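Participant: Mind having a look at this structure? Questions to follow.
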Amino acid sequence: MVKLTKEQIYKRLNNEEDAKACKEIDESACKEVPGNFITLLLSQLFSKFADALLNPKVTLPWLMHSLNVPGSFIAWLVPIRESGSLLPQLAIADVIRKLSVRKWVWVIGAIAQSICILAMVGVAFVLEGRQAGFAILGLLILFSLARGFNSVAAKDVLGKVIPKKQRGNISGLAASIAGLATLTFGLLMWFFSQQKEQNTVLIALVLGAIMWIVAAFFYSRINEYKGATDGGKNGLLHAFTKLKLLYQDKQFAHFVVTRAFLLCSALSAPFYIILASRQSFEFSLLATFIAVSGLASLVSAPIWGRLSDLSSQRVLVLSAMLVTFNGLTVFVIATWFNHLLSAWWLLPTLYFLLSVAHQGVRLGRKTYLVDMAQGNKRTDYVAVSNTVIGVLLLMLGSIGLLESFLSTAELILLYSLLGFCGAISALFLPKIE
């Protein structure tokens with residue numbers, strides 16, 4: 001049996017030209033790229049698998065349903081999960097800037113997320129109804145705050161240890177492999193769909209907590225050299241002064257506007273689940289959507305990752321248009337051909353296409369932002385954009401509360417129109433060489 005070295009594995013996962021290039025990272029860090037690439041890939045693999053298992057669009061709604069939590073709580077799952085990790089980042093960035101080695105921020109954040117997931121499992125055994133709903137949302141807030149530290153640190157560490165033209169590839173590979181794991185788990189859940197809903201969902205959550213611990217272990221093995229710590233100051237007031245980037249840097253402001261429109265891919269997803277649950281709330285449907293989500297990552301992530309390294313701006317345009325056309329299709333079918341929704345394959349297929357588009361949105365905007373700036377400026381870009389997006393998430397997420405006045409299909413249409421605006425905005429983003 002042939003044993004491959006880390007350098008050989010690294011070259012096989014990247015094209016030869018990119019594997020020899022070390023753009024915009026220190027010469028000392030360049031020597032560590034093969035090992036760091038593999039270690040970071042493994043860490044991202046387990047963290048993305050954990051994300052798939054604690055899914056606010058699929059897993060958590062099913063858990064709340066099994067605990068008889070009122071439906072009004074479910075509408076806040078995606079906004080809280082996303083905005084809770086984004087809003088504090090403007091202040092978090094100042095803390096992280098003072099650290100010359102920042103991987104430990106990510107490690108601590110991963111462990112904290114694992115603890116929060118295990119606490120949710122505990123809630124399922126002792127509470128139900130509104131009490132369970134408040135407890136799960138409270139833990140989700142803590143989970144999201146820990147996630148905020150991870151988000152700022154991850155992009156900064158990625159920019160320090162992985163060269164340009166390889167960052168989209170590593171994220172795509174990790175999402176793809178994690179997608180395979182999620183697909184396999186979803187299929188297993190489908191085969192054991194005769195089990196009680198709650199117990200099987202709890203197994204998924206426990207497995208997700210374990211995945212975060214494993215991800216933290218691999219991340220701690222990254223060889224990160226000391227980086228810049230200049231500019232770090234105390235106080236939230238100073239942190240808010242960074243908002244001036246929104247009017248001083250036109251390219252960055254344009255990116256933030258584009259990213260705001262592209263929230264449509266995440267915010268519309270729960271309403272696909274709601275449409276499906278109205279046709280059938282059998283547990284096998286949950287397993288199907290988990291498997292479909294994994295399949296989408298497996299198939300599309302490496303493609304989006306490679307395309308992001310070629311042109312992340314074009315990836316944003318393509319993925320936004322896919323969200324738009326997919327949402328329009330759902331609206332047309334639900335409005336004029338409602339009987340088709342009962343077909344077991346239709347909504348999972350449309351959810352698959354939405355998940356493919358969402359992978360493109362995530363990888364495209366992540367690669368664009370990391371490539372747009374260097375050093376501590378990258379940390380500021382991440383923090384400012386995430387904080388602004390966190391506020392907009394709560395505002396746009398509250399659109400879901402209009403379900404009393406609009407049909408589910410009309411809400412999906414509304415989010416799809418935002419996707420079209422995002423595609424137009426992304427079309428005029430400056431290209432990054």
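Within each chain, counting starts at residue 1; across the structure tokens, chains are named A, B, ... in the order shown, with ligands numbered 1 upward in that order.
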List the spatial neighbours of Ala153 (chain A) as a list in words - criterion: any atom at most 10 Å away, only C-alpha atoms, same-chain residues fewer than 3 positions off excluded.

Facilitator: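 Using only C-alpha atoms, the neighbours found are Ile92, Ala93, Ile96, Arg97, Val101, Arg102, Lys103, Trp104, Val105, Trp106, Val107, Gly109, Arg147, Gly148, Phe149, Asn150, Asp156, Val157, Leu158, Gly159, Thr379 and Val382 of chain A.
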
Participant: Output C-alpha atoms of each residue in that selection to a file, as an mmCIF file, in the first residue's frame.

Facilitator:
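Here's the written file result_21.cif:
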```
data_model
loop_
_atom_site.group_PDB
_atom_site.id
_atom_site.type_symbol
_atom_site.label_atom_id
_atom_site.label_comp_id
_atom_site.auth_asym_id
_atom_site.auth_seq_id
_atom_site.Cartn_x
_atom_site.Cartn_y
_atom_site.Cartn_z
ATOM 1 C CA ILE A 92 -14.852 40.942 19.169
ATOM 2 C CA ALA A 93 -12.485 42.063 16.401
ATOM 3 C CA ILE A 96 -8.764 39.299 18.500
ATOM 4 C CA ARG A 97 -6.502 41.972 16.954
ATOM 5 C CA VAL A 101 -1.753 33.810 17.264
ATOM 6 C CA ARG A 102 -5.500 33.548 16.805
ATOM 7 C CA LYS A 103 -6.260 29.867 16.299
ATOM 8 C CA TRP A 104 -7.018 29.397 20.011
ATOM 9 C CA VAL A 105 -9.979 31.774 19.712
ATOM 10 C CA TRP A 106 -11.514 29.342 17.218
ATOM 11 C CA VAL A 107 -10.722 26.325 19.405
ATOM 12 C CA GLY A 109 -15.413 28.863 20.384
ATOM 13 C CA ARG A 147 -19.775 31.117 16.702
ATOM 14 C CA GLY A 148 -19.031 34.835 16.314
ATOM 15 C CA PHE A 149 -15.529 34.367 17.734
ATOM 16 C CA ASN A 150 -15.013 31.472 15.327
ATOM 17 C CA ASP A 156 -8.050 35.696 9.670
ATOM 18 C CA VAL A 157 -6.243 32.381 10.214
ATOM 19 C CA LEU A 158 -7.234 31.216 6.728
ATOM 20 C CA GLY A 159 -5.699 34.365 5.243
ATOM 21 C CA THR A 379 -10.284 41.371 10.512
ATOM 22 C CA VAL A 382 -15.101 40.659 8.584
#
```

Participant: Taking 3 positions as the minimum chain separation for residues in the same chain, which residues sit within 12 Å of Tyr381 (chain A) when counting only C-alpha atoms? Answer as an MDAnalysis selection string.

Facilitator: chainID A and resid 89:90 93 151:152 155:156 239 242:246 249 251:253 255:256 366 368:378 384:389

Participant: For the residues in the current selection, export N, CA and C atoms as a CSV table (one decimal), in the first residue's frame.

Facilitator:
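As a result, selection_30.csv now contains:
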```
chain,number,residue,atom,x,y,z
A,89,GLN,N,-19.5,41.0,16.5
A,89,GLN,CA,-18.2,40.9,15.9
A,89,GLN,C,-17.4,42.2,15.8
A,90,LEU,N,-18.1,43.3,15.8
A,90,LEU,CA,-17.4,44.6,15.7
A,90,LEU,C,-16.6,44.8,17.0
A,93,ALA,N,-13.7,41.9,17.3
A,93,ALA,CA,-12.5,42.1,16.4
A,93,ALA,C,-11.4,42.8,17.2
A,151,SER,N,-16.0,32.9,13.7
A,151,SER,CA,-16.1,33.5,12.3
A,151,SER,C,-15.0,34.5,12.1
A,152,VAL,N,-14.7,35.4,13.0
A,152,VAL,CA,-13.6,36.4,12.9
A,152,VAL,C,-12.3,35.7,12.8
A,155,LYS,N,-11.5,33.4,9.4
A,155,LYS,CA,-11.1,34.1,8.1
A,155,LYS,C,-9.7,34.7,8.3
A,156,ASP,N,-9.4,35.1,9.5
A,156,ASP,CA,-8.0,35.7,9.7
A,156,ASP,C,-7.0,34.6,9.6
A,239,ALA,N,-14.6,50.4,18.6
A,239,ALA,CA,-15.0,49.4,17.6
A,239,ALA,C,-16.0,50.0,16.6
A,242,LYS,N,-15.1,51.8,13.4
A,242,LYS,CA,-14.7,51.1,12.2
A,242,LYS,C,-15.9,51.1,11.2
A,243,LEU,N,-17.1,51.5,11.6
A,243,LEU,CA,-18.2,51.6,10.7
A,243,LEU,C,-17.9,52.6,9.6
A,244,LYS,N,-17.0,53.5,9.8
A,244,LYS,CA,-16.6,54.5,8.7
A,244,LYS,C,-16.1,53.8,7.5
A,245,LEU,N,-15.7,52.5,7.6
A,245,LEU,CA,-15.3,51.8,6.4
A,245,LEU,C,-16.4,51.7,5.4
A,246,LEU,N,-17.7,51.8,5.8
A,246,LEU,CA,-18.8,51.6,5.0
A,246,LEU,C,-18.9,52.8,4.0
A,249,ASP,N,-14.7,53.1,2.1
A,249,ASP,CA,-14.2,52.1,1.2
A,249,ASP,C,-15.4,51.6,0.3
A,251,GLN,N,-15.7,49.8,-2.4
A,251,GLN,CA,-15.8,48.3,-2.8
A,251,GLN,C,-16.3,47.5,-1.6
A,252,PHE,N,-15.9,47.8,-0.4
A,252,PHE,CA,-16.3,47.1,0.7
A,252,PHE,C,-17.8,47.3,1.0
A,253,ALA,N,-18.2,48.6,0.9
A,253,ALA,CA,-19.7,48.9,1.1
A,253,ALA,C,-20.5,48.2,0.0
A,255,PHE,N,-19.8,45.4,-1.4
A,255,PHE,CA,-19.9,44.0,-1.0
A,255,PHE,C,-20.9,43.7,0.1
A,256,VAL,N,-21.0,44.6,1.1
A,256,VAL,CA,-21.9,44.5,2.2
A,256,VAL,C,-23.4,44.5,1.7
A,366,LYS,N,-17.4,34.4,1.0
A,366,LYS,CA,-16.3,34.2,2.0
A,366,LYS,C,-15.0,34.4,1.2
A,368,TYR,N,-14.4,36.1,-1.6
A,368,TYR,CA,-14.3,37.5,-2.0
A,368,TYR,C,-13.8,38.3,-0.9
A,369,LEU,N,-14.4,38.2,0.3
A,369,LEU,CA,-14.0,39.0,1.4
A,369,LEU,C,-12.6,38.7,1.9
A,370,VAL,N,-12.2,37.5,2.0
A,370,VAL,CA,-10.8,37.1,2.4
A,370,VAL,C,-9.8,37.7,1.4
A,371,ASP,N,-10.1,37.6,0.1
A,371,ASP,CA,-9.1,38.0,-0.9
A,371,ASP,C,-9.1,39.6,-1.0
A,372,MET,N,-10.1,40.2,-0.6
A,372,MET,CA,-10.3,41.7,-0.7
A,372,MET,C,-9.3,42.5,0.1
A,373,ALA,N,-8.9,41.9,1.3
A,373,ALA,CA,-8.0,42.6,2.2
A,373,ALA,C,-7.0,41.7,2.8
A,374,GLN,N,-6.0,42.3,3.5
A,374,GLN,CA,-4.9,41.6,4.1
A,374,GLN,C,-4.8,42.1,5.6
A,375,GLY,N,-4.1,41.2,6.4
A,375,GLY,CA,-3.7,41.6,7.7
A,375,GLY,C,-4.9,42.0,8.6
A,376,ASN,N,-4.7,43.0,9.5
A,376,ASN,CA,-5.8,43.4,10.4
A,376,ASN,C,-6.9,44.1,9.6
A,377,LYS,N,-6.7,44.6,8.4
A,377,LYS,CA,-7.8,45.1,7.6
A,377,LYS,C,-8.8,44.1,7.3
A,378,ARG,N,-8.3,42.8,7.1
A,378,ARG,CA,-9.3,41.7,6.9
A,378,ARG,C,-10.1,41.5,8.1
A,384,VAL,N,-17.0,44.3,10.6
A,384,VAL,CA,-18.0,45.3,10.2
A,384,VAL,C,-19.1,44.7,9.4
A,385,SER,N,-18.7,43.9,8.4
A,385,SER,CA,-19.7,43.3,7.5
A,385,SER,C,-20.6,42.4,8.3
A,386,ASN,N,-20.1,41.6,9.1
A,386,ASN,CA,-20.9,40.6,9.9
A,386,ASN,C,-21.8,41.3,10.9
A,387,THR,N,-21.4,42.4,11.5
A,387,THR,CA,-22.2,43.2,12.4
A,387,THR,C,-23.4,43.8,11.7
A,388,VAL,N,-23.1,44.4,10.5
A,388,VAL,CA,-24.2,45.1,9.7
A,388,VAL,C,-25.2,44.0,9.3
A,389,ILE,N,-24.6,42.9,8.8
A,389,ILE,CA,-25.5,41.8,8.3
A,389,ILE,C,-26.3,41.2,9.4
```

Participant: Skipping near chain neighbours, those fewer than 5 positions away, what residues fall within 7 Å of Ala175 (chain A) using only C-alpha atoms, listed as a list in words?

Facilitator: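 Near Ala175 (chain A), the qualifying residues are Leu45, Lys48, Ser297, Leu298 and Ala301 of chain A.
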
Participant: So, counting only C-alpha atoms, which residue among A:Val323, A:Ile136, A:Ile210, A:Ser407 is closest to Leu267 (chain A)?

Facilitator: A:Val323

Participant: Can you pull out the residues contacting Leu393 (chain A)? Cut-off 8 Å, using only C-alpha atoms, and skip same-chain residues under 4 positions away; I want them as JSON, numbers by chain.

Facilitator: {"A": [79, 82, 83, 263, 389, 397]}

Participant: From a DSSP calculation on the backbone, collect every residue of region 14-216 of chain A in helix (DSSP H, G or I) and output the set as a PyMOL selection string.

Facilitator: chain A and resi 16-20+27-30+33-53+59-66+71-74+77-86+89-97+103-126+129-161+167-191+197-216

Participant: Grab the CA of Gly360 (chain A) to CA of Gly172 (chain A) distance for me, in Å with one decimal place.

Facilitator: 9.4 Å
